Structures are given as C-alpha cells and as structure tokens.
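Engineer: To start, I am sharing the structure in question, which I have written as structure tokens.
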Amino acid sequence: MITIDINGISWQIDIEPDTPLLWVLRDIIGLTGTKFGCGIAQCGACTVHINGIAMRSCSVPIGGLDRAKVVTIEGLSPDNNHPVQRAWIAEGVPQCGYCQSGQIMAVAAFLKTFPKPTDADIDAGVTNICRCGTYEALRRAIHRAADMTKA
Amino acid sequence: MHGTGNDATFSRRHFILTAMSAAGGLIVGIAAAPDSARAATISKQPWTDSDQAPHEIDAWIAIDPDDSILIRYQRSEMGQGSMTALPMIITEELQCDWSKVRIEYASANRSIRENRIYGDMFSHGSMSVRQSQRMMQQVGASARERLIAAAAARWHVSASECVAAQSVVTHRPSGRALRYGQLAADAARVKLAAEPAIKTPAQFTFIPRSIPRVDLVHKTDGSAKFGIDAQVPDMVFAAINACPVRGGKLKSVDESMLSGTPGIVGVVKLENAVAVVATGTFWRAKRALSRLQPEWDVGAAGSIDSTQLSAQFRAALTERMVTARNDGDFDRAMSGAVRTFEAIYETPYLSHSPMEPMNATVNLQPDRLDVWVGTQDAEMALGAAARFSGLKPEQVHIHNAFLGGGFGRRDANDDIAQAIAIARVVKRPVKLIWTREEDTRQDRFRPHAVVGFKAAVGADGMPTAWSMRVVTSSIFKSVGIPFPADRAEPPAVDTLESNGYNVANTRVEVLLKNTHLPVWFYRAPGGNQHVFALEGFLDEIASATGIDPYLMRRKLLRGKPDWLKVLDTAAEKGDWGKPLPRGSGRGIAICTFTDSLCAQVAEVTVKPSGLLKVNRVIVALDTRHMVNPQTVVEQAESSVIFGLTAALYGKITIKEGAAVQGNFDTYRMVRLADAPRIDVHLVPSGGDIWGGAGEPAVPPVGAAVANAIFAATGKRIRTLPIVDTDLSGPT
C-alpha cells in the first residue's frame with residue numbers, strides 16, 4: 001500500500017509496485033493531463049513534479065513513491081495562472097498541445113534552479129521533445145515566465 | 001480469446017481505498033482565461049455527444065437567445081489552427097461578435113445522415129482553409145442574410161435597408177435594432193431566394209487578423225482531451241504487437257507465461273497481431289505483452305533490408321518511366337552540350353511519429369458503435385468503422401478529439417480496426433494504445449526515393465536542359481486511391497514537376513516500385529524529399545560554374561514576380577552575401593507547395609570535429625491570403641523543425657523486413673538545443689487562389705541546410721539524413 005499526495009490530495013494505492021506513476025495518474029486517478037509519449041523517459045511528455053523535482057513519470061515506479069508529494073499539470077496552479085502557464089498563453093506556444101503539459105512542468109521546475117536563464121541554460125535544461133517544433137515560441141515563453149516570476 | 005486470469009469484477013476501488021484532500025476538503029479549481037485569450041471558446045472535450053443543438057439556424061450555426069453563437073467545425077485540430085481559422089471565416093461573413101462564439105466539432109454521423117451536409121471533413125494537404133474558405137464564407141453569408149431577412153420581416157421593411165454588424169441587425173432609416181439572439185428562431189425558417197454573394201478579400205474587415213487560437217488555454221492546463229484521454233465506464237486496456245514484417249501473419253504465441261499475472265483479461269490473437277487486454281491500467285497490458293514471444297510467419301519479405309532496397313531503386317533509374325513533364329527536347333539539348341552534370345540523390349523511409357501514439361477507444365454494442373479517436377478524417381473513420389464492425393454507418397459515432405500530431409498518419413484507421421477486433425472478443429469497451437515502438441515500426445512510412453539528375457549548361461554557365469528521373473513507391477497504391485498507371489502520380493513528382501525554373505528543356509519522369517512496406521502521405525508529400533534533391537543539384541551546378549546560388553535562381557525565375565519576391569525576401573533577411581566566419585555557411589532553397597511559395601536561407605556552423613549547428617533559418621512564405629497570420633508564422637516555424645528533424649536525423653532502416661528504429665533513443669528528434677532561431681517573413685501576394693500554410697515551409701529546409709553545409713565545408717550531401725555524413729575535417 002502506497003500513500004501518496006497528488007495535487008494536495010492524499011491517496012492510498014494498492015497496485016503492482018512496478019507500475020509507473022504515469023499510469024497511476026492517468027488510468028487510476030483519472031488525471032489525463034500527463035501524457036504518454038515514449039515510455040522510456042526520452043520525450044518528457046509525462047513530466048510531473050515529485051517532491052519538487054521534475055521527473056518523467058513513465059519511468060518512475062509507484063512502489064518507490066510512498067509518502068511522496070506529486071504535482072501534475074492539473075495541480076500546478078488552481079486557476080491556470082502559474083507564470084509558466086501565463087507565459088505559454090501570452091506567447092501562444094501550443095500547437096497540437098500533446099507535449100505541452102510536460103513542457104510546462106519541466107520549465108516550472110527548471111526556473112526554480114535557473115530563475116534568470118540564458119539561452120545556453122535553456123538548451124541544456126529543457127530537453128523535452130515537441131514534434132510540432134514550437135521551440136521558437138517556447139524559448140520566448142521561458143524568458144517571459146522568468147521575467148514574470150522575477151517581477 | 002484464451003483467458004489467462006480474469007477479474008471481470010474489477011473496479012477502481014480495488015486500487016483506491018481512500019481519497020481525501022490533505023486539508024480535509026475537496027478543492028476544485030475553475031479555469032479562468034486571461035484577457036488576452038478571452039475570445040471565442042471551445043470545450044475541453046472537443047467532440048459532441050449530441051449533434052443537435054437548440055436554436056440552430058442550420059447544421060453549422062446555432063444562436064441562443066443570449067446571443068451566444070455555436071459554430072461547428074468540420075475538420076480536425078492537430079495543431080495547425082484551423083479550428084480557429086474556419087470559424088473566423090464564418091465570423092467574417094456572419095458579422096458576429098467573435099467573443100460570443102463557441103466552437104465544437106461537427107458530427108460525421110450527422111453529415112452522413114444529412115447528405116454530407118458538412119462536405120469534406122478531412123485535414124490534409126493543407127486544405128482546411130484553402131479548400132473550404134468559399135464554403136465557410138457562404139455559410140456565414142447565408143446565415144447573415146437570413147438574420148437580416150428575419151429582422152426586415154419583423155419591421156415590415158425591405159432587407160436592403162438593413163445592415164448586420166457585431167451580432168446586431170440595424171434598420172438604417174429608423175435606427176431600430178435587433179440582436180441576433182432575438183432573430184435566430186425566425187431566421188431558421190427563412191428560405192433565401194438565392195444564395196448571397198460572398199465578400200472578396202478586399203471587403204474583409206475581420207480577417208486577416210492575428211488572434212489567439214481557441215484551443216490555446218485548454219492546452220496549457222492539461223484539460224484538452226486527446227483521443228488517448230477518453231474514459232469510458234467499464235473500459236479495459238489493450239496493448240498490441242503486430243508482425244514486425246509488414247504482411248506477415250501470427251503463427252503462434254505461448255500465453256502460459258501470463259498465468260497468474262494480475263488484471264489480465266486475455267490474449268487476443270488477430271491474423272497479423274497479438275494483443276493483451278488488461279483491466280485497470282494500460283501498463284498491465286503493455287508489460288504482459290512484452291513478455292510474450294509470438295512467432296510470426298514473415299514470408300519472403302523477411303529477407304529484405306535497406307541496402308538491397310536502395311540498390312534496387314538505384315538500379316531502376318535506367319528503366320522505362322512514366323513522363324510527368326516534358327518541355328523542349330532534353331536529349332537533343334544534352335547531345336550538343338558543352339558541359340553536363342549528373343548526380344543521384346536519395347532520401348530514406350521516415351516514420352510520422354506524432355507525439356500521441358496511435359490509439360482508439362471503442363464501445364461496440366449490437367446496434368451501436370462509439371469510437372473515441374483523434375482522426376484527420378472523421379467521415380472516413382466512420383465509414384471504416386462501419387465496415388470493420390458490420391454496422392450501418394448511421395449506427396457509428398466518431399467522437400473526434402484533439403490530435404496529438406497528425407502529419408498525415410492519423411487517417412489510416414488501422415488503430416480503429418484493431419480496437420474493434422479486440423472489442424468483439426472481449427465484449428467490453430476497449431482502449432487500445434500503441435507503444436512508441438509499435439507506432440514507429442507499424443507506421444506507413446514516407447516513401448524511400450531516389451532521384452537521378454542530368455543537366456546541361458550553356459556557355460554562360462546557366463542550365464539549358466535537365467532531366468529528373470524518380471524511383472519511389474506509390475502512395476496512392478498503398479492508400480487505395482485509383483490512378484492510371486500511365487500517368488505520373490502527383491505526390492511522387494511534386495516540386496520536381498512544379499519547379500518554377502525557366503529551363504527550356506525540362507523532363508521529369510517517375511517509376512513506382514512498391515515493396516512490402518506501406519507508404520503514406522507525410523507532411524508535404526513529394527516536396528519533403530524532392531526539394532532537397534533538386535535544390536541540392538542546382539547548387540552543384542552553381543558552384544561548379546562559379547555562379548552565386550541565389551543569383552542563379554534569380555535568373556532562372558525571371559518573369560515570375562511572386563517567386564522572386566519570396567526568394568529576394570529570404571536572401572535579404574538572411575544577409576545573403578555578407579561575410580561569415582570560417583566554418584560557417586549559408587544555403588538557399590525555394591519551392592512551391594500547396595499553391596504557396598516558400599524560400600529559405602539557412603546559416604550553419606561546422607566545427608572541425610564535424611559537429612554541425614544550424615544557427616538560424618530565414619523563411620519567406622507567400623500563402624496568397626491569410627486568415628490568422630500568427631498561425632501562419634507558427635506553421636512555418638513548425639515546418640522548419642519538422643523538415644530539419646528529417647534532414648538531420650530521420651531514417652527508418654529495414655533489416656530482415658522490419659523497421660529497426662523503435663523509440664526516440666534510436667529515432668531522433670530535433671530538441672530545443674538543436675533548434676535554430678527561425679525568422680519568418682510573410683509576403684502574401686493575393687490573387688484568386690489561396691495557398692496552404694501547414695506544409696510549404698517543410699520542403700526547403702533540408703536543401704537550405706545541406707547547401708549551407710557545402711558552403712561551409714565543401715562537402716556535398718546527396719543522401720539523407722545528414723547525420724550519416726562525416727563532416728569532420730578542415731573547413
């Protein structure tokens with residue numbers, strides 16, 4: 001039995017311990033904002049925060065998450081007003097949108113470590129795949145979110 | 001089905017014993033759109049469960065008494081923005097208040113019941129806007145005139161004295177006014193004597209206009225529903241493994257190794273695939289599937305590999321071909337030429353690889369089938385689902401979702417066929433998801449192509465004759481589109497046949513050889529590989545004759561102001577001719593695609609180690625007209641990255657008949673660190689036709705980058721992907 005906090009709600013979950021967090025979120029809890037893209041931590045579509053750190057939930061077994069605190073895209077802000085979400089809307093980043101939950105979660109955590117990132121910091125620190133190639137807008141949005149957070 | 005454990009009584013309670021908020025209460029967030037995005041709205045779940053709405057004026061438009069307007073959208077939103085653009089066109093003619101518009105998908109089921117009232121519902125060929133622009137205008141104009149007629153009748157005045165603006169009809173002489181919401185019920189009963197004329201672009205007042213896409217907000221908070229997000233009561237999960245060699249059959253599979261595995265409903269054997277069905281999570285099905293070791297009957301195709309295919313295609317370059325274009329007399333021009341050139345260019349199979357892997361959720365009942373899927377063509381999906389299930393089309397309901405990328409892949413309905421076959425066995429709603437590996441290997445690939453060029457140049461170094469001979473596979477044959485064998489299939493020669501250069505003796509020919517591998521439309525079909533070839537070959541001629549590649553193109557495009565405009569814009573904004581440091585170079589390329597024109601200048605740096613960096617790409621794009629220019633810019637940026645991924649890394653290798661690459665570790669994508677700065681310049685030239693926006697910027701990028709690499713290193717790349725060429729050495 002795993003006790004886990006997801007977006008401020010405490011869950012007790014009894015499931016095979018090797019089940020990746022991704023599938024607990026999507027199929028058990030019903031939080032479908034976190035996406036399946038590759039299953040091997042390559043693409044980052046499944047990125048969530050585990051104890052404040054951005055992790056690729058497709059490759060994190062639930063068995064190791066007892067007492068962990070998880071934040072998904074649905075819990076990032078109560079009203080879609082996290083600086084990263086606001087910057088994403090202002091810059092019109094999403095196209096198909098499938099990777100964007102993961103992008104937003106990755107960037108929200110990244111900006112805690114790099115509050116005023118350079119382009120080189122961004123290149124090294126934001127590695128999620130966007131098949132629509134929204135990188136130009138995404139880069140602008142990261143800088144914008146950094147400015148908003150600072151302000 | 002052969003059950004290997006069954007817990008049909010499974011429920012979610014099995015996993016979740018308690019759920020409560022840490023603070024002791026349930027907190028529900030309510031999403032509020034910021035002002036910048038407060039405009040037209042959509043539901044988080046784009047599909048409609050009921051295809052009728054109260055207060056309909058017609059199948060497209062419903063106006064409620066409070067003036068809120070429902071506009072139905074018949075295409076598929078996969079990131080290209082047409083869910084915003086098409087209702088914008090209706091809004092232009094309807095003269096309504098955009099902030100009161102709500103948009104939902106049109107129902108394919110209703111369309112087939114009502115004599116195809118929504119027309120074509122597909123999204124490919126960059127056609128959503130350019131193919132339905134007139135229809136959307138007519139829909140908006142008709143509704144507007146009926147609202148005006150209803151007001152005129154109410155006031156007993158002539159309709160010609162009334163005008164419509166911002167959802168209000170006004171009687172000009174008296175100043176009386178009625179809101180659309182007050183008129184909609186009457187307007188629904190108005191029959192117009194004739195359809196009103198639609199506006200010319202010069203008369204537009206609402207478009208072109210850069211406004212936020214309607215799907216933006218839901219795609220930033222995780223609430224936008226994709227096909228993979230469908231949740232149906234009592235649903236089970238399926239993972240599938242089809243024969244890795246296309247055309248092969250399932251021989252046998254030993255299911256005993258799954259006995260005792262929790263949650264397994266069963267193993268379903270299909271003719272060419274094996275699926276595992278599980279309760280609770282998709283993971284259970286996927287993990288169990290990975291433990292199976294199915295045996296396949298792969299047949300003769302099991303000995304085919306890429307090297308063989310490449311050799312066969314190259315050898316076929318001398319065979320008799322079908323002529324696509326034949327201007328002047330190429331053979332005669334060649335025989336008298338002072339200087340000639342020859343080169344062979346080759347581009348590999350590619351997987352579409354949308355971020356959302358193929359999936360379909362079905363609920364198959366005796367007299368009704370519901371399918372939740374992201375499809376590029378809901379109407380075709382409906383027809384296919386009816387055939388697969390044996391139900392009548394009107395009994396099939398396609399709940400189209402947001403598409404997590406399409407690029408041409410999401411219209412084959414193979415996922416729907418499998419989901420129905422599995423549901424028929426397990427007799428429960430099924431959500432089938434392909435793993436990433438399955439999605440890559442069971443793709444219907446961008447064709448492999450070889451192009452053999454020959455050219456002659458005159459004393460001035462300019463080409464006087466050229467021949468382009470293509471060996472590739474027929475997409476039409478794979479898709480099932482009938483086409484005469486003695487004519488050149490358009491996607492097989494697109495951008496070669498339609499190249500804009502004034503070369504008096506031009507011959508384009510094609511030979512189609514299909515293998516066991518299905519090939520498919522892939523963002524900018526034909527263009528996505530042939531522009532790399534043609535523009536590379538032209539660059540070879542320019543470099544050998546000492547003519548600047550930009551100026552050579554300029555001369556060859558003389559008398560074509562629209563081509564020259566995009567070429568000059570790209571060259572000028574791309575600093576063509578300005579000095580660059582050693583190891584850096586610029587390349588240029590141009591094409592027409594989907595009636596648009598696109599030129600690009602790429603700037604690269606190659607380190608002595610061979611490390612390549614694409615620094616920036618300048619795009620000049622002429623789509624003739626635009627609805628939402630911001631979206632056109634986004635599509636150009638998207639196309640550059642898409643084309644760059646293909647040019648730098650894209651390759652599906654075939655070994656023993658099967659695709660080698662599976663996941664993103666072996667099938668590499670451009671990421672942020674590889675992404676160049678992209679600078680897009682829109683130069684719409686107007687006129688009678690409308691060009692596409694989603695594809696024309698895909699073809700030039702590979703050529704521009706390869707030509708820039710040549711400028712930087714002197715290394716000519718004739719085979720993609722670029723990553724296969726060693727670029728190291730002194731620059």
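Ordering of the structure tokens sets the chain letters (A, B, ...), residue numbers begin anew at 1 in every chain, and ligands are numbered from 1 in the order given.
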Where in stretch 251-484 of chain B does DSSP assign helix (DSSP H, G or I), given as a ChimeraX atom specification?

Structural biologist: /B:256-258,282-291,299-303,306-318,330-335,378-389,393-395,414-426,436-441,475-479

Engineer: Show me, as a ChimeraX atom specification, every residue of chain A with an atom at most 8 Å from chain B, counting only C-alpha atoms.

Structural biologist: /A:5,8-15,19-20,23-24,27-28,32-34,36-39,42-43,73-74,78-80,85-86,88-90,92-101,104,122-124,126-136

Engineer: With only C-alpha atoms as the counted atoms, please give the residues lying no more than 6 Å from A:Thr47, apart from itself and same-chain residues fewer than 2 positions off, as a PyMOL selection string.

Structural biologist: chain A and resi 44-45+55-57+102

Engineer: Could the residues in this selection be written to a file with C-alpha atoms, as a short mmCIF file (atom, residue, chain, number, x, y, z; two decimals), in the first residue's frame?

Structural biologist:
```cif
data_model
loop_
_atom_site.label_atom_id
_atom_site.label_comp_id
_atom_site.auth_asym_id
_atom_site.auth_seq_id
_atom_site.Cartn_x
_atom_site.Cartn_y
_atom_site.Cartn_z
CA GLY A 44 9.24 14.24 -21.38
CA ALA A 45 5.52 14.36 -22.23
CA MET A 55 10.62 13.70 -13.22
CA ARG A 56 9.48 11.65 -16.21
CA SER A 57 6.65 9.70 -14.65
CA GLY A 102 5.24 18.04 -19.84
#
```

Engineer: So, counting only C-alpha atoms, which residue among B:Thr623, B:Thr719, B:Ser76, B:Thr347 is closest to B:Val373?

Structural biologist: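 Among B:Thr623, B:Thr719, B:Ser76, B:Thr347, it is B:Ser76 that comes nearest to B:Val373.
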
Engineer: For stretch 192-201 of chain B, please output as an mmCIF file with N, CA and C atoms, in the first residue's frame all residues within 9 Å (counting only C-alpha atoms; exclusion window: fewer than 5 positions along the same chain).

Structural biologist:
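Written file, out11.cif:
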```
data_model
loop_
_atom_site.group_PDB
_atom_site.id
_atom_site.type_symbol
_atom_site.label_atom_id
_atom_site.label_comp_id
_atom_site.auth_asym_id
_atom_site.auth_seq_id
_atom_site.Cartn_x
_atom_site.Cartn_y
_atom_site.Cartn_z
ATOM 1 N N GLU B 92 -16.350 36.345 -40.298
ATOM 2 C CA GLU B 92 -16.171 37.461 -41.243
ATOM 3 C C GLU B 92 -17.480 37.770 -41.965
ATOM 4 N N GLU B 93 -18.162 36.731 -42.440
ATOM 5 C CA GLU B 93 -19.389 36.939 -43.209
ATOM 6 C C GLU B 93 -20.606 37.096 -42.308
ATOM 7 N N ARG B 134 -14.335 29.166 -49.368
ATOM 8 C CA ARG B 134 -15.559 29.649 -50.033
ATOM 9 C C ARG B 134 -16.804 29.113 -49.329
ATOM 10 N N GLN B 137 -17.327 30.938 -46.106
ATOM 11 C CA GLN B 137 -17.870 32.272 -46.379
ATOM 12 C C GLN B 137 -19.358 32.181 -46.709
ATOM 13 N N GLN B 138 -19.714 31.172 -47.528
ATOM 14 C CA GLN B 138 -21.114 31.034 -47.919
ATOM 15 C C GLN B 138 -21.997 30.712 -46.714
ATOM 16 N N GLY B 140 -21.477 31.574 -43.613
ATOM 17 C CA GLY B 140 -21.631 32.789 -42.815
ATOM 18 C C GLY B 140 -22.530 33.811 -43.491
ATOM 19 N N ALA B 141 -22.346 33.949 -44.803
ATOM 20 C CA ALA B 141 -23.138 34.944 -45.539
ATOM 21 C C ALA B 141 -24.615 34.553 -45.565
ATOM 22 N N SER B 142 -24.892 33.272 -45.758
ATOM 23 C CA SER B 142 -26.274 32.794 -45.779
ATOM 24 C C SER B 142 -26.968 33.081 -44.459
ATOM 25 N N GLU B 145 -27.681 36.790 -44.044
ATOM 26 C CA GLU B 145 -28.803 37.286 -44.858
ATOM 27 C C GLU B 145 -30.139 36.795 -44.311
ATOM 28 N N ARG B 146 -30.141 35.607 -43.729
ATOM 29 C CA ARG B 146 -31.396 35.106 -43.148
ATOM 30 C C ARG B 146 -31.747 35.871 -41.876
ATOM 31 N N ALA B 149 -33.126 39.085 -43.153
ATOM 32 C CA ALA B 149 -34.480 38.891 -43.681
ATOM 33 C C ALA B 149 -35.497 38.768 -42.540
ATOM 34 N N ILE B 207 -10.894 39.432 -40.983
ATOM 35 C CA ILE B 207 -9.661 38.731 -41.321
ATOM 36 C C ILE B 207 -8.952 39.508 -42.423
ATOM 37 N N HIS B 625 -3.168 34.364 -49.404
ATOM 38 C CA HIS B 625 -4.074 35.043 -48.473
ATOM 39 C C HIS B 625 -3.833 34.448 -47.096
ATOM 40 N N GLY B 686 -1.764 37.703 -52.722
ATOM 41 C CA GLY B 686 -3.159 37.873 -53.118
ATOM 42 C C GLY B 686 -3.509 37.056 -54.355
#
```

Engineer: Nearest to B:Val245: which of B:Asp443, B:Glu161, B:Asp97, B:Asp486 is it, counting only C-alpha atoms?

Structural biologist: B:Asp443

Engineer: Within 7 Å of B:Ala419, counting only C-alpha atoms, which residues show up once you throw out same-chain ones fewer than 2 positions away? Write them as number ranges by chain, please.

Structural biologist: B: 360-362, 415-417, 421-423, 430, 432

Engineer: Kindly save the residues from that selection, with C-alpha atoms included, as a tab-separated table (two decimals), in the first residue's frame.

Structural biologist:
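Output contents, as saved in part-v7.tsv:
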```
chain	number	residue	atom	x	y	z
B	360	ALA	CA	-8.52	4.22	-30.37
B	361	THR	CA	-11.19	3.61	-27.77
B	362	VAL	CA	-14.30	1.75	-28.85
B	415	ASP	CA	-5.93	1.51	-34.89
B	416	ILE	CA	-9.73	1.59	-35.13
B	417	ALA	CA	-9.79	-1.74	-36.97
B	421	ALA	CA	-11.49	-6.63	-33.47
B	422	ILE	CA	-10.40	-6.76	-29.84
B	423	ALA	CA	-13.70	-5.39	-28.51
B	430	VAL	CA	-11.58	-1.19	-25.09
B	432	LEU	CA	-6.14	0.36	-27.47
```
